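Peer 1: Contents are PDB, C-alpha atoms, pLDDT in the B column; file name query.pdb:
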```pdb
ATOM      1  CA  MET A   1      25.643 -15.699  12.854  1.00 87.00           C
ATOM      2  CA  SER A   2      24.622 -14.951   9.272  1.00 94.00           C
ATOM      3  CA  GLU A   3      23.952 -11.446   7.957  1.00 94.00           C
ATOM      4  CA  THR A   4      20.263 -12.305   7.717  1.00 93.00           C
ATOM      5  CA  ASP A   5      20.189 -13.336  11.379  1.00 94.00           C
ATOM      6  CA  VAL A   6      21.870 -10.074  12.375  1.00 95.00           C
ATOM      7  CA  LEU A   7      19.324  -8.056  10.375  1.00 94.00           C
ATOM      8  CA  ARG A   8      16.404  -9.964  11.907  1.00 94.00           C
ATOM      9  CA  LYS A   9      17.750  -9.280  15.386  1.00 95.00           C
ATOM     10  CA  GLU A  10      18.092  -5.554  14.615  1.00 94.00           C
ATOM     11  CA  VAL A  11      14.612  -5.316  13.125  1.00 93.00           C
ATOM     12  CA  LYS A  12      13.113  -7.100  16.138  1.00 95.00           C
ATOM     13  CA  LYS A  13      14.753  -4.563  18.468  1.00 95.00           C
ATOM     14  CA  TYR A  14      13.114  -1.691  16.601  1.00 94.00           C
ATOM     15  CA  ILE A  15       9.752  -3.428  16.412  1.00 94.00           C
ATOM     16  CA  ASP A  16       9.729  -4.074  20.150  1.00 96.00           C
ATOM     17  CA  LYS A  17      10.088  -0.305  20.748  1.00 95.00           C
ATOM     18  CA  ALA A  18       7.887   0.955  17.893  1.00 95.00           C
ATOM     19  CA  ASP A  19       4.645   2.860  18.329  1.00 96.00           C
ATOM     20  CA  ASP A  20       1.403   1.831  16.590  1.00 95.00           C
ATOM     21  CA  LYS A  21       1.899   4.098  13.566  1.00 95.00           C
ATOM     22  CA  THR A  22       5.407   2.774  12.919  1.00 95.00           C
ATOM     23  CA  LEU A  23       4.212  -0.820  13.259  1.00 95.00           C
ATOM     24  CA  GLU A  24       1.450  -0.142  10.750  1.00 94.00           C
ATOM     25  CA  ILE A  25       3.963   1.284   8.269  1.00 94.00           C
ATOM     26  CA  VAL A  26       6.334  -1.667   8.730  1.00 93.00           C
ATOM     27  CA  CYS A  27       3.437  -4.076   8.257  1.00 91.00           C
ATOM     28  CA  HIS A  28       2.462  -2.401   4.967  1.00 89.00           C
ATOM     29  CA  ILE A  29       6.048  -2.530   3.745  1.00 91.00           C
ATOM     30  CA  LEU A  30       6.329  -6.231   4.553  1.00 90.00           C
ATOM     31  CA  GLU A  31       2.965  -6.979   2.930  1.00 84.00           C
ATOM     32  CA  ALA A  32       4.041  -5.148  -0.230  1.00 82.00           C
ATOM     33  CA  ALA A  33       7.250  -7.175  -0.326  1.00 86.00           C
ATOM     34  CA  ASP A  34       5.343 -10.461   0.069  1.00 84.00           C
ATOM     35  CA  GLU A  35       4.613 -11.754  -3.426  1.00 80.00           C
ATOM     36  CA  THR A  36       1.752 -13.891  -2.099  1.00 84.00           C
ATOM     37  CA  PHE A  37      -0.030 -10.907  -0.490  1.00 76.00           C
ATOM     38  CA  ASP A  38      -3.387 -10.166  -2.094  1.00 82.00           C
ATOM     39  CA  PRO A  39      -4.557  -6.612  -1.329  1.00 77.00           C
ATOM     40  CA  LEU A  40      -8.086  -7.452  -2.505  1.00 81.00           C
ATOM     41  CA  ALA A  41      -8.384 -10.150   0.150  1.00 82.00           C
ATOM     42  CA  ASN A  42      -8.651  -7.559   2.939  1.00 81.00           C
ATOM     43  CA  MET A  43     -11.054  -5.178   1.209  1.00 88.00           C
ATOM     44  CA  THR A  44     -14.672  -4.737   2.159  1.00 92.00           C
ATOM     45  CA  LYS A  45     -17.247  -5.601  -0.494  1.00 93.00           C
ATOM     46  CA  GLU A  46     -17.781  -1.868  -1.103  1.00 95.00           C
ATOM     47  CA  GLN A  47     -14.034  -1.241  -1.538  1.00 94.00           C
ATOM     48  CA  GLU A  48     -13.706  -4.186  -3.900  1.00 92.00           C
ATOM     49  CA  GLU A  49     -16.647  -2.980  -6.025  1.00 95.00           C
ATOM     50  CA  SER A  50     -15.143   0.509  -6.154  1.00 95.00           C
ATOM     51  CA  PHE A  51     -11.790  -0.938  -7.212  1.00 92.00           C
ATOM     52  CA  TYR A  52     -13.363  -2.885 -10.074  1.00 94.00           C
ATOM     53  CA  ARG A  53     -15.430   0.137 -11.194  1.00 95.00           C
ATOM     54  CA  GLY A  54     -12.205   2.120 -11.335  1.00 94.00           C
ATOM     55  CA  MET A  55     -10.523  -0.589 -13.387  1.00 93.00           C
ATOM     56  CA  GLU A  56     -13.484  -0.564 -15.792  1.00 96.00           C
ATOM     57  CA  ASP A  57     -13.127   3.221 -16.141  1.00 95.00           C
ATOM     58  CA  ILE A  58      -9.423   2.849 -16.914  1.00 94.00           C
ATOM     59  CA  ASN A  59     -10.051   0.126 -19.494  1.00 96.00           C
ATOM     60  CA  ALA A  60     -12.786   2.230 -21.128  1.00 96.00           C
ATOM     61  CA  GLY A  61     -10.529   5.286 -21.290  1.00 94.00           C
ATOM     62  CA  ARG A  62     -12.597   7.284 -18.799  1.00 95.00           C
ATOM     63  CA  VAL A  63      -9.577   8.858 -17.148  1.00 95.00           C
ATOM     64  CA  THR A  64      -8.049  12.297 -16.707  1.00 93.00           C
ATOM     65  CA  PRO A  65      -4.276  12.613 -16.981  1.00 92.00           C
ATOM     66  CA  HIS A  66      -2.508  13.720 -13.818  1.00 92.00           C
ATOM     67  CA  LYS A  67      -1.143  16.801 -15.569  1.00 91.00           C
ATOM     68  CA  GLU A  68      -4.666  18.028 -16.378  1.00 91.00           C
ATOM     69  CA  VAL A  69      -5.875  17.474 -12.815  1.00 91.00           C
ATOM     70  CA  MET A  70      -2.920  19.447 -11.482  1.00 92.00           C
ATOM     71  CA  LYS A  71      -3.687  22.333 -13.863  1.00 90.00           C
ATOM     72  CA  LYS A  72      -7.267  22.437 -12.621  1.00 88.00           C
ATOM     73  CA  TYR A  73      -6.595  22.256  -8.876  1.00 89.00           C
ATOM     74  CA  ILE A  74      -3.106  23.739  -8.461  1.00 86.00           C
ATOM     75  CA  ARG A  75      -2.810  27.331  -9.520  1.00 71.00           C
TER      76      ARG A  75
END
```
Let me see whether you can do it: turn the structure in this file into structure tokens.
Peer 2:
Amino acid sequence: MSETDVLRKEVKKYIDKADDKTLEIVCHILEAADETFDPLANMTKEQEESFYRGMEDINAGRVTPHKEVMKKYIR
């Protein structure tokens, strides 16, 4: 049995016992590792529009650096 087969068997054991939250986390990890995964494909129209508005803001320089936000909200 190859190392990959052993790992698959181990992962399947954990998945069979996992609760919903753990399965959701594992699913997100596997989606992120899948180079063909398109996060925009699962967005609602409203989410997609918001995403593109945010990208327009970034491209236009309408952003606030993280450091400045932290100064304002973290005392």
Peer 1: Just to confirm, what's the straight-line distance from atom CA of Ile58 of chain A to atom CA of Met43 of chain A in Å (one decimal)?
Peer 2: 19.9 Å
Peer 1: One number please: atom CA of Met55 of chain A to atom CA of Glu68 of chain A, in Å, one decimal.
Peer 2: 19.7 Å
Peer 1: Find the distance between atom CA of Phe51 of chain A and atom CA of Val63 of chain A and write it in Å to one decimal.
Peer 2: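 For atom CA of Phe51 of chain A relative to atom CA of Val63 of chain A, the distance reads 14.1 Å.
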Peer 1: Using the incomplete input, complete segment 41-52 of chain A to the level of all heavy atoms; output as a PDB file, keeping the file's coordinate frame.
Peer 2:
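Output file out_5.pdb is given in full below:
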```pdb
ATOM      1  N   ALA A  41      -7.882  -9.216  -0.859  1.00 82.00           N
ATOM      2  CA  ALA A  41      -8.384 -10.150   0.150  1.00 82.00           C
ATOM      3  C   ALA A  41      -8.855  -9.435   1.415  1.00 82.00           C
ATOM      4  O   ALA A  41      -9.731  -9.943   2.116  1.00 82.00           O
ATOM      5  CB  ALA A  41      -7.307 -11.174   0.503  1.00 82.00           C
ATOM      6  N   ASN A  42      -8.309  -8.267   1.717  1.00 81.00           N
ATOM      7  CA  ASN A  42      -8.651  -7.559   2.939  1.00 81.00           C
ATOM      8  C   ASN A  42      -9.617  -6.397   2.718  1.00 81.00           C
ATOM      9  O   ASN A  42      -9.878  -5.628   3.629  1.00 81.00           O
ATOM     10  CB  ASN A  42      -7.377  -7.041   3.629  1.00 81.00           C
ATOM     11  CG  ASN A  42      -6.497  -8.179   4.084  1.00 81.00           C
ATOM     12  OD1 ASN A  42      -6.990  -9.179   4.579  1.00 81.00           O
ATOM     13  ND2 ASN A  42      -5.199  -8.043   3.900  1.00 81.00           N
ATOM     14  N   MET A  43     -10.141  -6.277   1.508  1.00 88.00           N
ATOM     15  CA  MET A  43     -11.054  -5.178   1.209  1.00 88.00           C
ATOM     16  C   MET A  43     -12.483  -5.553   1.599  1.00 88.00           C
ATOM     17  O   MET A  43     -12.863  -6.721   1.536  1.00 88.00           O
ATOM     18  CB  MET A  43     -11.044  -4.852  -0.285  1.00 88.00           C
ATOM     19  CG  MET A  43      -9.822  -4.145  -0.760  1.00 88.00           C
ATOM     20  SD  MET A  43     -10.059  -3.700  -2.507  1.00 88.00           S
ATOM     21  CE  MET A  43      -8.487  -2.961  -2.857  1.00 88.00           C
ATOM     22  N   THR A  44     -13.243  -4.518   1.959  1.00 92.00           N
ATOM     23  CA  THR A  44     -14.672  -4.737   2.159  1.00 92.00           C
ATOM     24  C   THR A  44     -15.300  -4.930   0.788  1.00 92.00           C
ATOM     25  O   THR A  44     -14.695  -4.618  -0.242  1.00 92.00           O
ATOM     26  CB  THR A  44     -15.326  -3.528   2.845  1.00 92.00           C
ATOM     27  OG1 THR A  44     -15.246  -2.390   1.965  1.00 92.00           O
ATOM     28  CG2 THR A  44     -14.672  -3.204   4.178  1.00 92.00           C
ATOM     29  N   LYS A  45     -16.530  -5.408   0.770  1.00 93.00           N
ATOM     30  CA  LYS A  45     -17.247  -5.601  -0.494  1.00 93.00           C
ATOM     31  C   LYS A  45     -17.360  -4.264  -1.237  1.00 93.00           C
ATOM     32  O   LYS A  45     -17.149  -4.195  -2.450  1.00 93.00           O
ATOM     33  CB  LYS A  45     -18.635  -6.181  -0.215  1.00 93.00           C
ATOM     34  CG  LYS A  45     -19.421  -6.518  -1.442  1.00 93.00           C
ATOM     35  CD  LYS A  45     -18.853  -7.732  -2.114  1.00 93.00           C
ATOM     36  CE  LYS A  45     -19.751  -8.138  -3.279  1.00 93.00           C
ATOM     37  NZ  LYS A  45     -19.112  -9.086  -4.161  1.00 93.00           N
ATOM     38  N   GLU A  46     -17.654  -3.200  -0.496  1.00 95.00           N
ATOM     39  CA  GLU A  46     -17.781  -1.868  -1.103  1.00 95.00           C
ATOM     40  C   GLU A  46     -16.456  -1.407  -1.713  1.00 95.00           C
ATOM     41  O   GLU A  46     -16.427  -0.865  -2.818  1.00 95.00           O
ATOM     42  CB  GLU A  46     -18.239  -0.867  -0.039  1.00 95.00           C
ATOM     43  CG  GLU A  46     -18.483   0.519  -0.571  1.00 95.00           C
ATOM     44  CD  GLU A  46     -18.954   1.457   0.535  1.00 95.00           C
ATOM     45  OE1 GLU A  46     -18.086   1.966   1.273  1.00 95.00           O
ATOM     46  OE2 GLU A  46     -20.176   1.658   0.645  1.00 95.00           O
ATOM     47  N   GLN A  47     -15.348  -1.622  -1.013  1.00 94.00           N
ATOM     48  CA  GLN A  47     -14.034  -1.241  -1.538  1.00 94.00           C
ATOM     49  C   GLN A  47     -13.697  -2.046  -2.793  1.00 94.00           C
ATOM     50  O   GLN A  47     -13.170  -1.501  -3.763  1.00 94.00           O
ATOM     51  CB  GLN A  47     -12.954  -1.460  -0.471  1.00 94.00           C
ATOM     52  CG  GLN A  47     -13.023  -0.503   0.680  1.00 94.00           C
ATOM     53  CD  GLN A  47     -12.100  -0.907   1.809  1.00 94.00           C
ATOM     54  OE1 GLN A  47     -11.912  -2.092   2.093  1.00 94.00           O
ATOM     55  NE2 GLN A  47     -11.530   0.093   2.479  1.00 94.00           N
ATOM     56  N   GLU A  48     -13.993  -3.331  -2.747  1.00 92.00           N
ATOM     57  CA  GLU A  48     -13.706  -4.186  -3.900  1.00 92.00           C
ATOM     58  C   GLU A  48     -14.519  -3.753  -5.126  1.00 92.00           C
ATOM     59  O   GLU A  48     -13.990  -3.665  -6.232  1.00 92.00           O
ATOM     60  CB  GLU A  48     -14.017  -5.643  -3.553  1.00 92.00           C
ATOM     61  CG  GLU A  48     -13.558  -6.623  -4.593  1.00 92.00           C
ATOM     62  CD  GLU A  48     -13.785  -8.073  -4.181  1.00 92.00           C
ATOM     63  OE1 GLU A  48     -13.817  -8.369  -2.969  1.00 92.00           O
ATOM     64  OE2 GLU A  48     -13.939  -8.892  -5.097  1.00 92.00           O
ATOM     65  N   GLU A  49     -15.806  -3.442  -4.926  1.00 95.00           N
ATOM     66  CA  GLU A  49     -16.647  -2.980  -6.025  1.00 95.00           C
ATOM     67  C   GLU A  49     -16.122  -1.664  -6.595  1.00 95.00           C
ATOM     68  O   GLU A  49     -16.074  -1.480  -7.817  1.00 95.00           O
ATOM     69  CB  GLU A  49     -18.092  -2.824  -5.554  1.00 95.00           C
ATOM     70  CG  GLU A  49     -18.784  -4.147  -5.301  1.00 95.00           C
ATOM     71  CD  GLU A  49     -20.126  -4.000  -4.596  1.00 95.00           C
ATOM     72  OE1 GLU A  49     -20.524  -2.859  -4.259  1.00 95.00           O
ATOM     73  OE2 GLU A  49     -20.783  -5.037  -4.375  1.00 95.00           O
ATOM     74  N   SER A  50     -15.694  -0.770  -5.718  1.00 95.00           N
ATOM     75  CA  SER A  50     -15.143   0.509  -6.154  1.00 95.00           C
ATOM     76  C   SER A  50     -13.860   0.300  -6.967  1.00 95.00           C
ATOM     77  O   SER A  50     -13.645   0.949  -7.992  1.00 95.00           O
ATOM     78  CB  SER A  50     -14.871   1.397  -4.939  1.00 95.00           C
ATOM     79  OG  SER A  50     -14.276   2.604  -5.328  1.00 95.00           O
ATOM     80  N   PHE A  51     -13.029  -0.612  -6.506  1.00 92.00           N
ATOM     81  CA  PHE A  51     -11.790  -0.938  -7.212  1.00 92.00           C
ATOM     82  C   PHE A  51     -12.101  -1.414  -8.629  1.00 92.00           C
ATOM     83  O   PHE A  51     -11.516  -0.928  -9.599  1.00 92.00           O
ATOM     84  CB  PHE A  51     -11.014  -2.019  -6.444  1.00 92.00           C
ATOM     85  CG  PHE A  51      -9.846  -2.571  -7.207  1.00 92.00           C
ATOM     86  CD1 PHE A  51      -8.641  -1.889  -7.257  1.00 92.00           C
ATOM     87  CD2 PHE A  51      -9.956  -3.778  -7.889  1.00 92.00           C
ATOM     88  CE1 PHE A  51      -7.564  -2.396  -7.979  1.00 92.00           C
ATOM     89  CE2 PHE A  51      -8.889  -4.296  -8.611  1.00 92.00           C
ATOM     90  CZ  PHE A  51      -7.694  -3.600  -8.648  1.00 92.00           C
ATOM     91  N   TYR A  52     -13.042  -2.343  -8.754  1.00 94.00           N
ATOM     92  CA  TYR A  52     -13.363  -2.885 -10.074  1.00 94.00           C
ATOM     93  C   TYR A  52     -14.035  -1.841 -10.974  1.00 94.00           C
ATOM     94  O   TYR A  52     -13.804  -1.826 -12.186  1.00 94.00           O
ATOM     95  CB  TYR A  52     -14.201  -4.156  -9.962  1.00 94.00           C
ATOM     96  CG  TYR A  52     -13.357  -5.340  -9.537  1.00 94.00           C
ATOM     97  CD1 TYR A  52     -13.558  -5.964  -8.314  1.00 94.00           C
ATOM     98  CD2 TYR A  52     -12.337  -5.812 -10.356  1.00 94.00           C
ATOM     99  CE1 TYR A  52     -12.764  -7.032  -7.923  1.00 94.00           C
ATOM    100  CE2 TYR A  52     -11.535  -6.877  -9.971  1.00 94.00           C
ATOM    101  CZ  TYR A  52     -11.755  -7.489  -8.758  1.00 94.00           C
ATOM    102  OH  TYR A  52     -10.959  -8.530  -8.372  1.00 94.00           O
TER     103      TYR A  52
END
```
